file data-v9.csv (CSV, C-alpha atoms)
chain,number,residue,atom,x,y,z
A,1077,MET,CA,18.3,4.7,-7.0
A,1078,HIS,CA,17.1,5.6,-3.6
A,1079,HIS,CA,15.0,3.1,-1.6
A,1080,ALA,CA,11.8,4.3,0.0
A,1081,GLY,CA,11.8,2.0,2.9
A,1082,ALA,CA,9.0,-0.1,1.6
A,1083,GLY,CA,6.5,-1.5,4.1
A,1084,ASP,CA,3.3,-3.3,3.6
A,1085,VAL,CA,0.3,-1.1,4.1
A,1086,ALA,CA,-1.6,-4.0,5.5
A,1087,GLY,CA,0.8,-4.7,8.3
A,1088,ARG,CA,-0.9,-5.0,11.6
A,1089,GLU,CA,2.0,-5.7,14.0
A,1090,LEU,CA,1.9,-4.4,17.5
A,1091,GLU,CA,5.2,-3.0,18.7
A,1092,ALA,CA,6.5,-1.8,22.0
A,1093,ALA,CA,5.6,1.7,23.1
A,1094,GLY,CA,8.0,4.4,24.3
A,1095,ALA,CA,11.2,4.7,22.3
A,1096,GLY,CA,10.2,2.0,19.8
A,1097,PRO,CA,7.9,2.3,16.8
A,1098,ALA,CA,4.5,3.8,17.4
A,1099,VAL,CA,1.9,1.4,18.5
A,1100,VAL,CA,-0.9,1.2,16.0
A,1101,GLU,CA,-3.7,-1.4,16.4
A,1102,TYR,CA,-6.7,-2.2,14.3
A,1103,ALA,CA,-9.9,-2.8,16.3
A,1104,ASP,CA,-11.3,-4.9,13.4
A,1105,GLY,CA,-8.1,-7.0,13.0
A,1106,ASP,CA,-8.0,-8.7,9.7
A,1107,ASP,CA,-11.2,-7.0,8.7
A,1108,ALA,CA,-9.7,-3.6,9.0
A,1109,SER,CA,-10.8,-1.6,5.9
A,1110,ALA,CA,-8.2,-0.5,3.3
A,1111,PHE,CA,-8.8,3.1,4.4
A,1112,ALA,CA,-8.2,2.2,8.1
A,1113,GLN,CA,-5.0,0.5,7.1
A,1114,MET,CA,-3.8,3.4,5.0
A,1115,LEU,CA,-4.4,6.0,7.7
A,1116,GLY,CA,-2.9,3.8,10.4
A,1117,GLY,CA,0.1,3.0,8.2
A,1118,LEU,CA,0.5,6.7,7.3
A,1119,ILE,CA,0.6,7.9,10.9
A,1120,LYS,CA,2.8,5.1,12.0
A,1121,ALA,CA,5.4,5.8,9.2
A,1122,ASN,CA,5.1,9.5,9.8
A,1123,VAL,CA,5.7,9.2,13.5
A,1124,ALA,CA,8.7,6.8,12.9
A,1125,SER,CA,10.4,9.2,10.6
A,1126,ARG,CA,10.0,12.5,12.5
A,1127,PRO,CA,10.8,12.9,16.2
A,1128,PRO,CA,8.5,15.9,16.7
A,1129,ARG,CA,5.6,13.9,15.4
A,1130,ARG,CA,6.4,11.3,18.0
A,1131,ARG,CA,6.0,13.8,20.8
A,1132,ASP,CA,2.5,14.7,19.4
A,1133,PHE,CA,1.6,11.0,19.2
A,1134,ASP,CA,2.7,10.3,22.7
A,1135,ALA,CA,0.8,13.3,24.1
A,1136,LEU,CA,-2.4,13.1,22.1
A,1137,LYS,CA,-5.5,11.7,23.8
A,1138,ALA,CA,-8.5,12.2,21.5
A,1139,ARG,CA,-11.0,10.4,19.4
A,1140,VAL,CA,-11.1,11.6,15.8
A,1141,GLY,CA,-13.5,10.5,13.1
A,1142,ILE,CA,-12.7,10.8,9.4
A,1143,VAL,CA,-15.4,10.4,6.7
A,1144,VAL,CA,-14.5,10.3,3.0
A,1145,THR,CA,-17.7,11.5,1.6
A,1146,ASP,CA,-17.4,10.5,-2.0
A,1147,ILE,CA,-16.5,6.8,-1.4
A,1148,GLY,CA,-18.5,6.2,1.8
A,1149,GLU,CA,-15.6,5.2,3.9
A,1150,ALA,CA,-15.1,6.2,7.5
A,1151,VAL,CA,-12.7,5.4,10.3
A,1152,THR,CA,-12.3,6.4,13.9
A,1153,LEU,CA,-8.8,7.2,15.2
A,1154,ASP,CA,-8.6,6.7,19.0
A,1155,PHE,CA,-5.4,8.3,20.2
A,1156,GLN,CA,-4.5,7.1,23.6
A,1157,GLY,CA,-1.2,8.8,24.4
A,1158,GLY,CA,1.4,6.7,22.6
A,1159,ARG,CA,-1.0,4.2,21.2
A,1160,LEU,CA,-3.5,4.5,18.4
A,1161,VAL,CA,-6.5,2.2,17.8
A,1162,VAL,CA,-8.0,2.5,14.3
A,1163,SER,CA,-11.6,1.3,13.9
A,1164,ASN,CA,-13.7,0.9,10.8
A,1165,GLY,CA,-16.6,3.4,10.7
A,1166,LEU,CA,-17.6,6.1,13.1
A,1167,GLN,CA,-17.4,5.2,16.8
A,1168,ASP,CA,-19.1,7.0,19.6
A,1169,GLY,CA,-17.4,9.6,21.8
A,1170,ARG,CA,-15.5,11.5,19.1
A,1171,ASP,CA,-14.0,14.8,19.9
A,1172,VAL,CA,-13.5,15.8,16.3
A,1173,THR,CA,-15.0,14.5,13.0
A,1174,ILE,CA,-13.6,15.5,9.7
A,1175,ARG,CA,-15.8,15.1,6.6
A,1176,ALA,CA,-14.4,15.6,3.1
A,1177,ASP,CA,-13.9,14.0,-0.3
A,1178,ALA,CA,-10.9,11.8,-1.0
A,1179,ASP,CA,-8.9,14.5,-2.7
A,1180,THR,CA,-9.3,16.9,0.3
A,1181,VAL,CA,-8.3,14.2,2.8
A,1182,MET,CA,-5.1,13.7,0.8
A,1183,GLN,CA,-4.6,17.4,0.7
A,1184,LEU,CA,-4.9,17.5,4.5
A,1185,SER,CA,-1.8,15.3,4.6
A,1186,ASN,CA,0.1,17.8,2.4
A,1187,VAL,CA,-0.5,20.8,4.6
A,1188,ARG,CA,2.9,22.2,5.6
A,1189,ILE,CA,3.8,22.7,9.2
A,1190,GLY,CA,5.1,26.1,9.8
A,1191,PHE,CA,6.2,28.4,12.6
A,1192,ALA,CA,5.8,26.9,16.1
A,1193,GLY,CA,4.5,23.7,14.7
A,1194,MET,CA,1.3,25.4,13.4
A,1195,PRO,CA,-0.2,24.2,10.2
A,1196,ASN,CA,0.6,26.7,7.5
A,1197,TYR,CA,-2.7,27.9,5.9
A,1198,LEU,CA,-1.0,30.6,3.9
A,1199,GLU,CA,0.9,28.5,1.4
A,1200,SER,CA,-0.7,26.8,-1.6
A,1201,THR,CA,-2.1,23.6,-0.2
A,1202,GLY,CA,-3.0,25.2,3.2
A,1203,ARG,CA,-4.9,27.9,1.4
A,1204,GLN,CA,-6.8,25.4,-0.7
A,1205,VAL,CA,-7.7,23.4,2.5
A,1206,ALA,CA,-8.8,26.7,4.3
A,1207,GLY,CA,-10.9,27.6,1.2
A,1208,LYS,CA,-12.7,24.2,1.3
A,1209,LEU,CA,-13.4,24.7,5.0
A,1210,LEU,CA,-14.9,28.1,4.3
A,1211,THR,CA,-17.1,26.8,1.4
A,1212,GLY,CA,-18.2,23.6,3.3
A,1213,ARG,CA,-16.4,21.1,1.1
A,1214,LEU,CA,-14.4,20.3,4.2
A,1215,ARG,CA,-16.5,20.0,7.4
A,1216,ILE,CA,-14.9,19.6,10.9
A,1217,ASP,CA,-17.4,18.9,13.6
A,1218,GLY,CA,-16.0,19.8,17.1
A,1219,LEU,CA,-13.6,22.3,15.7
A,1220,LEU,CA,-14.4,24.9,18.3
A,1221,GLY,CA,-12.9,23.8,21.6
A,1222,ASN,CA,-10.6,21.3,20.0
A,1223,LEU,CA,-8.2,23.5,18.0
A,1224,THR,CA,-5.1,22.1,19.8
A,1225,THR,CA,-6.2,18.6,19.1
A,1226,LEU,CA,-6.9,19.4,15.4
A,1227,ASN,CA,-3.4,21.0,15.1
A,1228,GLN,CA,-1.8,17.9,16.6
A,1229,VAL,CA,-3.8,15.6,14.3
A,1230,THR,CA,-2.8,17.7,11.3
A,1231,ARG,CA,0.9,17.4,12.3
A,1232,LEU,CA,0.5,13.7,12.6
A,1233,PHE,CA,-1.0,13.5,9.1
A,1234,SER,CA,1.3,15.9,7.4
A,1235,VAL,CA,3.9,14.4,5.1
A,1236,ALA,CA,4.8,17.8,3.6
A,1237,GLU,CA,8.5,18.7,3.8
B,1002,MET,CA,-4.2,4.2,-33.7
B,1003,ALA,CA,-5.1,2.0,-30.8
B,1004,ILE,CA,-2.5,-0.3,-29.2
B,1005,ALA,CA,-3.0,-3.6,-27.4
B,1006,ALA,CA,-3.2,-2.9,-23.6
B,1007,PHE,CA,-0.2,-3.9,-21.6
B,1008,SER,CA,1.9,-4.7,-24.7
B,1009,PRO,CA,5.5,-3.4,-25.3
B,1010,GLU,CA,4.1,-0.8,-27.7
B,1011,TRP,CA,1.6,0.4,-25.1
B,1012,ALA,CA,4.5,0.7,-22.6
B,1013,GLN,CA,6.4,2.8,-25.1
B,1014,ALA,CA,3.4,5.0,-25.8
B,1015,PHE,CA,2.8,5.4,-22.0
B,1016,LYS,CA,6.4,6.5,-21.5
B,1017,GLU,CA,6.1,9.1,-24.2
B,1018,GLU,CA,2.9,10.5,-22.7
B,1019,ILE,CA,4.6,10.8,-19.3
B,1020,ASN,CA,7.6,12.6,-20.9
B,1021,ARG,CA,5.3,14.9,-22.7
B,1022,SER,CA,3.5,16.0,-19.5
B,1023,PRO,CA,4.7,19.3,-18.0
B,1024,VAL,CA,2.4,18.6,-15.0
B,1025,TYR,CA,4.1,15.3,-14.3
B,1026,ARG,CA,7.6,16.9,-14.8
B,1027,GLN,CA,6.9,19.5,-12.2
B,1028,ALA,CA,4.9,17.3,-9.7
B,1029,ALA,CA,7.5,14.6,-9.7
B,1030,LYS,CA,10.7,16.6,-10.0
B,1031,ASP,CA,12.2,15.0,-6.9
B,1032,TRP,CA,10.8,11.5,-7.4
B,1033,LYS,CA,13.6,8.9,-7.6
B,1034,TRP,CA,12.0,5.5,-7.2
B,1035,THR,CA,10.8,2.7,-9.4
B,1036,VAL,CA,7.1,1.9,-9.5
B,1037,GLY,CA,5.6,-1.5,-10.4
B,1038,LEU,CA,2.0,-2.0,-11.5
B,1039,VAL,CA,0.8,-5.6,-11.1
B,1040,VAL,CA,-2.0,-6.5,-13.4
B,1041,GLU,CA,-3.6,-9.6,-12.1
B,1042,ALA,CA,-4.9,-12.3,-14.4
B,1043,GLU,CA,-8.6,-12.6,-15.2
B,1044,PRO,CA,-8.9,-15.6,-17.6
B,1045,ASP,CA,-12.6,-15.1,-18.0
B,1046,ARG,CA,-11.8,-11.6,-19.5
B,1047,ASN,CA,-9.3,-13.0,-21.9
B,1048,PHE,CA,-6.4,-11.8,-19.7
B,1049,PRO,CA,-5.0,-15.3,-18.8
B,1050,GLU,CA,-1.7,-14.4,-17.1
B,1051,SER,CA,-0.7,-11.7,-14.7
B,1052,LYS,CA,1.6,-9.0,-16.0
B,1053,GLY,CA,3.8,-6.4,-14.5
B,1054,VAL,CA,4.5,-2.8,-15.7
B,1055,VAL,CA,7.9,-1.7,-14.5
B,1056,MET,CA,8.4,2.1,-14.5
B,1057,ASP,CA,11.8,3.7,-13.9
B,1058,LEU,CA,10.8,7.2,-13.0
B,1059,PHE,CA,13.4,9.7,-12.1
B,1060,GLU,CA,13.2,13.5,-11.4
B,1061,GLY,CA,10.1,14.1,-13.5
B,1062,GLN,CA,11.0,11.9,-16.4
B,1063,ALA,CA,10.2,8.3,-17.3
B,1064,ARG,CA,13.6,6.7,-18.0
B,1065,ASP,CA,12.0,3.4,-18.9
B,1066,VAL,CA,8.6,1.8,-19.0
B,1067,ARG,CA,8.4,-1.9,-19.9
B,1068,VAL,CA,6.0,-4.8,-19.6
B,1069,GLY,CA,7.3,-7.8,-17.7
B,1070,THR,CA,6.2,-10.4,-15.3
B,1071,ALA,CA,4.3,-9.7,-12.1
B,1072,ALA,CA,7.5,-10.6,-10.2
B,1073,ASP,CA,9.4,-7.9,-12.1
B,1074,ALA,CA,6.8,-5.3,-10.9
B,1075,GLN,CA,6.9,-6.6,-7.4
B,1076,ALA,CA,10.6,-5.9,-7.1
B,1077,CYS,CA,10.0,-2.2,-7.5
B,1078,ASP,CA,10.2,0.3,-4.7
B,1079,PHE,CA,6.5,1.0,-4.9
B,1080,VAL,CA,4.0,-1.6,-6.1
B,1081,ILE,CA,0.3,-1.1,-6.9
B,1082,THR,CA,-1.6,-4.3,-7.5
B,1083,GLY,CA,-5.1,-4.8,-9.0
B,1084,THR,CA,-7.0,-7.0,-11.2
B,1085,TYR,CA,-7.1,-6.5,-15.0
B,1086,SER,CA,-10.6,-5.1,-14.6
B,1087,ARG,CA,-9.6,-2.5,-12.0
B,1088,TRP,CA,-6.7,-1.3,-14.2
B,1089,LYS,CA,-9.0,-1.1,-17.1
B,1090,GLN,CA,-11.4,1.1,-15.0
B,1091,VAL,CA,-8.5,3.3,-14.1
B,1092,ALA,CA,-7.4,3.7,-17.7
B,1093,GLN,CA,-11.0,4.5,-18.7
B,1094,LYS,CA,-11.4,7.1,-15.9
B,1095,GLU,CA,-14.1,5.0,-14.2
B,1096,LEU,CA,-11.9,4.6,-11.1
B,1097,ASP,CA,-9.7,7.2,-9.6
B,1098,ALA,CA,-6.4,5.5,-8.4
B,1099,THR,CA,-6.4,7.3,-5.1
B,1100,ARG,CA,-10.0,6.4,-4.3
B,1101,GLY,CA,-9.3,2.8,-5.5
B,1102,MET,CA,-6.5,2.5,-3.0
B,1103,LEU,CA,-8.6,4.0,-0.2
B,1104,GLN,CA,-11.3,1.4,-1.0
B,1105,GLY,CA,-8.9,-1.5,-1.3
B,1106,LYS,CA,-9.6,-2.0,-5.0
B,1107,LEU,CA,-6.0,-1.3,-5.6
B,1108,ARG,CA,-3.4,-2.4,-3.1
B,1109,LEU,CA,-0.3,-0.3,-2.4
B,1110,LYS,CA,3.1,-1.5,-1.1
B,1111,GLY,CA,5.6,1.1,-0.3
B,1112,ASP,CA,6.4,4.1,1.9
B,1113,LEU,CA,3.0,5.7,2.4
B,1114,PRO,CA,4.1,9.2,3.3
B,1115,THR,CA,6.1,9.4,0.1
B,1116,VAL,CA,3.1,8.3,-2.0
B,1117,VAL,CA,0.9,10.8,-0.3
B,1118,ARG,CA,3.4,13.6,-0.8
B,1119,TYR,CA,3.5,12.9,-4.6
B,1120,GLN,CA,-0.3,12.5,-5.0
B,1121,LYS,CA,-0.4,15.0,-7.8
B,1122,ALA,CA,2.3,13.2,-9.7
B,1123,SER,CA,0.3,9.9,-9.2
B,1124,GLN,CA,-2.8,11.5,-10.5
B,1125,GLU,CA,-1.0,12.8,-13.6
B,1126,LEU,CA,0.4,9.3,-14.3
B,1127,THR,CA,-3.1,8.1,-14.3
B,1128,GLU,CA,-4.1,10.9,-16.7
B,1129,CYS,CA,-1.2,9.8,-19.0
B,1130,THR,CA,-2.6,6.2,-19.2
B,1131,THR,CA,-6.0,7.6,-20.2
B,1132,ARG,CA,-4.4,9.4,-23.1
B,1133,VAL,CA,-3.0,6.2,-24.7
B,1134,PRO,CA,-5.7,4.8,-27.0
B,1135,VAL,CA,-5.8,1.0,-26.4
B,1136,THR,CA,-7.6,-2.1,-27.4
B,1137,TRP,CA,-8.7,-4.4,-24.6
B,1138,PRO,CA,-8.3,-8.1,-24.7
B,1139,ASP,CA,-11.8,-8.7,-23.4
B,1140,GLU,CA,-13.2,-6.5,-26.2
B,1141,SER,CA,-11.3,-7.8,-29.1
call {"tool": "encode", "arguments": {"input": "data-v9.csv", "output": "structure tokens"}}
result
Amino acid sequence: MHHAGAGDVAGRELEAAGAGPAVVEYADGDDASAFAQMLGGLIKANVASRPPRRRDFDALKARVGIVVTDIGEAVTLDFQGGRLVVSNGLQDGRDVTIRADADTVMQLSNVRIGFAGMPNYLESTGRQVAGKLLTGRLRIDGLLGNLTTLNQVTRLFSVAE
Amino acid sequence: MAIAAFSPEWAQAFKEEINRSPVYRQAAKDWKWTVGLVVEAEPDRNFPESKGVVMDLFEGQARDVRVGTAADAQACDFVITGTYSRWKQVAQKELDATRGMLQGKLRLKGDLPTVVRYQKASQELTECTTRVPVTWPDES
């Protein structure tokens, strides 16, 4: 039996930056929503397990909103170059805002990363995500002018192997 | 014929549903971890003690599914916890498990990237529960 490296999704510890685990903080502390904790936990675990993701995490400076349209949940991810602050709800000053239903948000995390670190929109999941973007089921405000940011965020989200 | 929810017979029927599912077999073909479902007590709904569902899932098959204590389930690699009412909603397709976790109605413990990677398998497990006809203690 393999062990999955279990960790509590609700963990809110702050850890040293640099070579150590990624710093993920919750602006709302103990009141951080389940969605905020899941996204923060996902990025933290993803960065910890994949060195290329760490480079993105350390370089990225952007404020990204995510709205899950069918459950009315939203968070703001404030990437501050090696540090991430996750807030409940949409905060001001966002560079990019992603709006989609829960299934699509989960699909975004399963987009494979392909050549030169670019999200692969030609394989199955990537095609479905691209299709939803074209049909409006996935909306990305601020897409134009922030493609590099969006690619970095996609890499940080991606759990696909 | 309906089976009492969260009984040993229910666990056996759930296991058979999983092993009948080609969707699950494909989506979970590399899954190698145990999953525990903690069903928290709700005495006012005639569910007086918490129970645990322990699932030994391996490469697209359910090797074992059994009902034990909450502590048994908490010892698994991945643990999903919710009240009796929440699990009943999941089994009746009133609550999607993924949405439930995003909303905090179900609480997950385990490696998140792995869970997200196997989201389709997780959804099919939920589908399997909905195919087992059950009687509910708060309706009997």
call {"tool": "interface_residues", "arguments": {"input": "data-v9.csv", "of": "chain A", "to": "chain B", "cutoff": "12 Å", "atoms": "all atoms listed in the file", "output": "number ranges by chain"}}
result
A: 1077-1087, 1107-1126, 1143-1151, 1177-1188, 1201, 1232-1237
call {"tool": "write_last_selection", "arguments": {"input": "data-v9.csv", "atoms": "C-alpha atoms", "output": "CSV table (one decimal), keeping the file's coordinate frame"}}
result
chain,number,residue,atom,x,y,z
A,1077,MET,CA,18.3,4.7,-7.0
A,1078,HIS,CA,17.1,5.6,-3.6
A,1079,HIS,CA,15.0,3.1,-1.6
A,1080,ALA,CA,11.8,4.3,0.0
A,1081,GLY,CA,11.8,2.0,2.9
A,1082,ALA,CA,9.0,-0.1,1.6
A,1083,GLY,CA,6.5,-1.5,4.1
A,1084,ASP,CA,3.3,-3.3,3.6
A,1085,VAL,CA,0.3,-1.1,4.1
A,1086,ALA,CA,-1.6,-4.0,5.5
A,1087,GLY,CA,0.8,-4.7,8.3
A,1107,ASP,CA,-11.2,-7.0,8.7
A,1108,ALA,CA,-9.7,-3.6,9.0
A,1109,SER,CA,-10.8,-1.6,5.9
A,1110,ALA,CA,-8.2,-0.5,3.3
A,1111,PHE,CA,-8.8,3.1,4.4
A,1112,ALA,CA,-8.2,2.2,8.1
A,1113,GLN,CA,-5.0,0.5,7.1
A,1114,MET,CA,-3.8,3.4,5.0
A,1115,LEU,CA,-4.4,6.0,7.7
A,1116,GLY,CA,-2.9,3.8,10.4
A,1117,GLY,CA,0.1,3.0,8.2
A,1118,LEU,CA,0.5,6.7,7.3
A,1119,ILE,CA,0.6,7.9,10.9
A,1120,LYS,CA,2.8,5.1,12.0
A,1121,ALA,CA,5.4,5.8,9.2
A,1122,ASN,CA,5.1,9.5,9.8
A,1123,VAL,CA,5.7,9.2,13.5
A,1124,ALA,CA,8.7,6.8,12.9
A,1125,SER,CA,10.4,9.2,10.6
A,1126,ARG,CA,10.0,12.5,12.5
A,1143,VAL,CA,-15.4,10.4,6.7
A,1144,VAL,CA,-14.5,10.3,3.0
A,1145,THR,CA,-17.7,11.5,1.6
A,1146,ASP,CA,-17.4,10.5,-2.0
A,1147,ILE,CA,-16.5,6.8,-1.4
A,1148,GLY,CA,-18.5,6.2,1.8
A,1149,GLU,CA,-15.6,5.2,3.9
A,1150,ALA,CA,-15.1,6.2,7.5
A,1151,VAL,CA,-12.7,5.4,10.3
A,1177,ASP,CA,-13.9,14.0,-0.3
A,1178,ALA,CA,-10.9,11.8,-1.0
A,1179,ASP,CA,-8.9,14.5,-2.7
A,1180,THR,CA,-9.3,16.9,0.3
A,1181,VAL,CA,-8.3,14.2,2.8
A,1182,MET,CA,-5.1,13.7,0.8
A,1183,GLN,CA,-4.6,17.4,0.7
A,1184,LEU,CA,-4.9,17.5,4.5
A,1185,SER,CA,-1.8,15.3,4.6
A,1186,ASN,CA,0.1,17.8,2.4
A,1187,VAL,CA,-0.5,20.8,4.6
A,1188,ARG,CA,2.9,22.2,5.6
A,1201,THR,CA,-2.1,23.6,-0.2
A,1232,LEU,CA,0.5,13.7,12.6
A,1233,PHE,CA,-1.0,13.5,9.1
A,1234,SER,CA,1.3,15.9,7.4
A,1235,VAL,CA,3.9,14.4,5.1
A,1236,ALA,CA,4.8,17.8,3.6
A,1237,GLU,CA,8.5,18.7,3.8
call {"tool": "atom_distance", "arguments": {"input": "data-v9.csv", "atom1": "CA of Trp1088 (chain B)", "atom2": "CA of Leu1038 (chain B)"}}
result
9.1 Å
call {"tool": "atom_distance", "arguments": {"input": "data-v9.csv", "atom1": "CA of Asn1196 (chain A)", "atom2": "CA of Glu1060 (chain B)"}}
result
26.3 Å
call {"tool": "atom_distance", "arguments": {"input": "data-v9.csv", "atom1": "CA of Lys1030 (chain B)", "atom2": "CA of Phe1015 (chain B)"}}
result
18.2 Å
call {"tool": "closest_residue", "arguments": {"input": "data-v9.csv", "among": "A:Leu1210, A:Ala1192, A:Leu1198, A:Leu1153", "to": "Asn1227 (chain A)", "atoms": "all atoms listed in the file"}}
result
A:Ala1192
call {"tool": "closest_residue", "arguments": {"input": "data-v9.csv", "among": "B:Ile1019, B:Ile1081, B:Val1068, B:Met1056", "to": "Thr1131 (chain B)", "atoms": "only C-alpha atoms"}}
result
B:Ile1019
call {"tool": "closest_residue", "arguments": {"input": "data-v9.csv", "among": "B:Ala1014, B:Pro1009, B:Val1066, B:Val1039", "to": "Arg1132 (chain B)", "atoms": "only C-alpha atoms"}}
result
B:Ala1014
call {"tool": "residues_around", "arguments": {"input": "data-v9.csv", "residues": "region 1134-1137 of chain A", "least_positions_apart": "2", "cutoff": "9 Å", "atoms": "all atoms listed in the file", "output": "list in words"}}
result
Gly1094, Ala1098, Arg1129, Arg1130, Arg1131, Asp1132, Arg1139, Asp1154, Phe1155, Gln1156, Gly1157, Gly1158, Arg1159, Thr1225, Gln1228 and Val1229 of chain A
call {"tool": "closest_residue", "arguments": {"input": "data-v9.csv", "among": "A:Met1194, A:Ile1174, A:Ile1142, A:Ala1206", "to": "Gly1218 (chain A)", "atoms": "all atoms listed in the file"}}
result
A:Ile1174
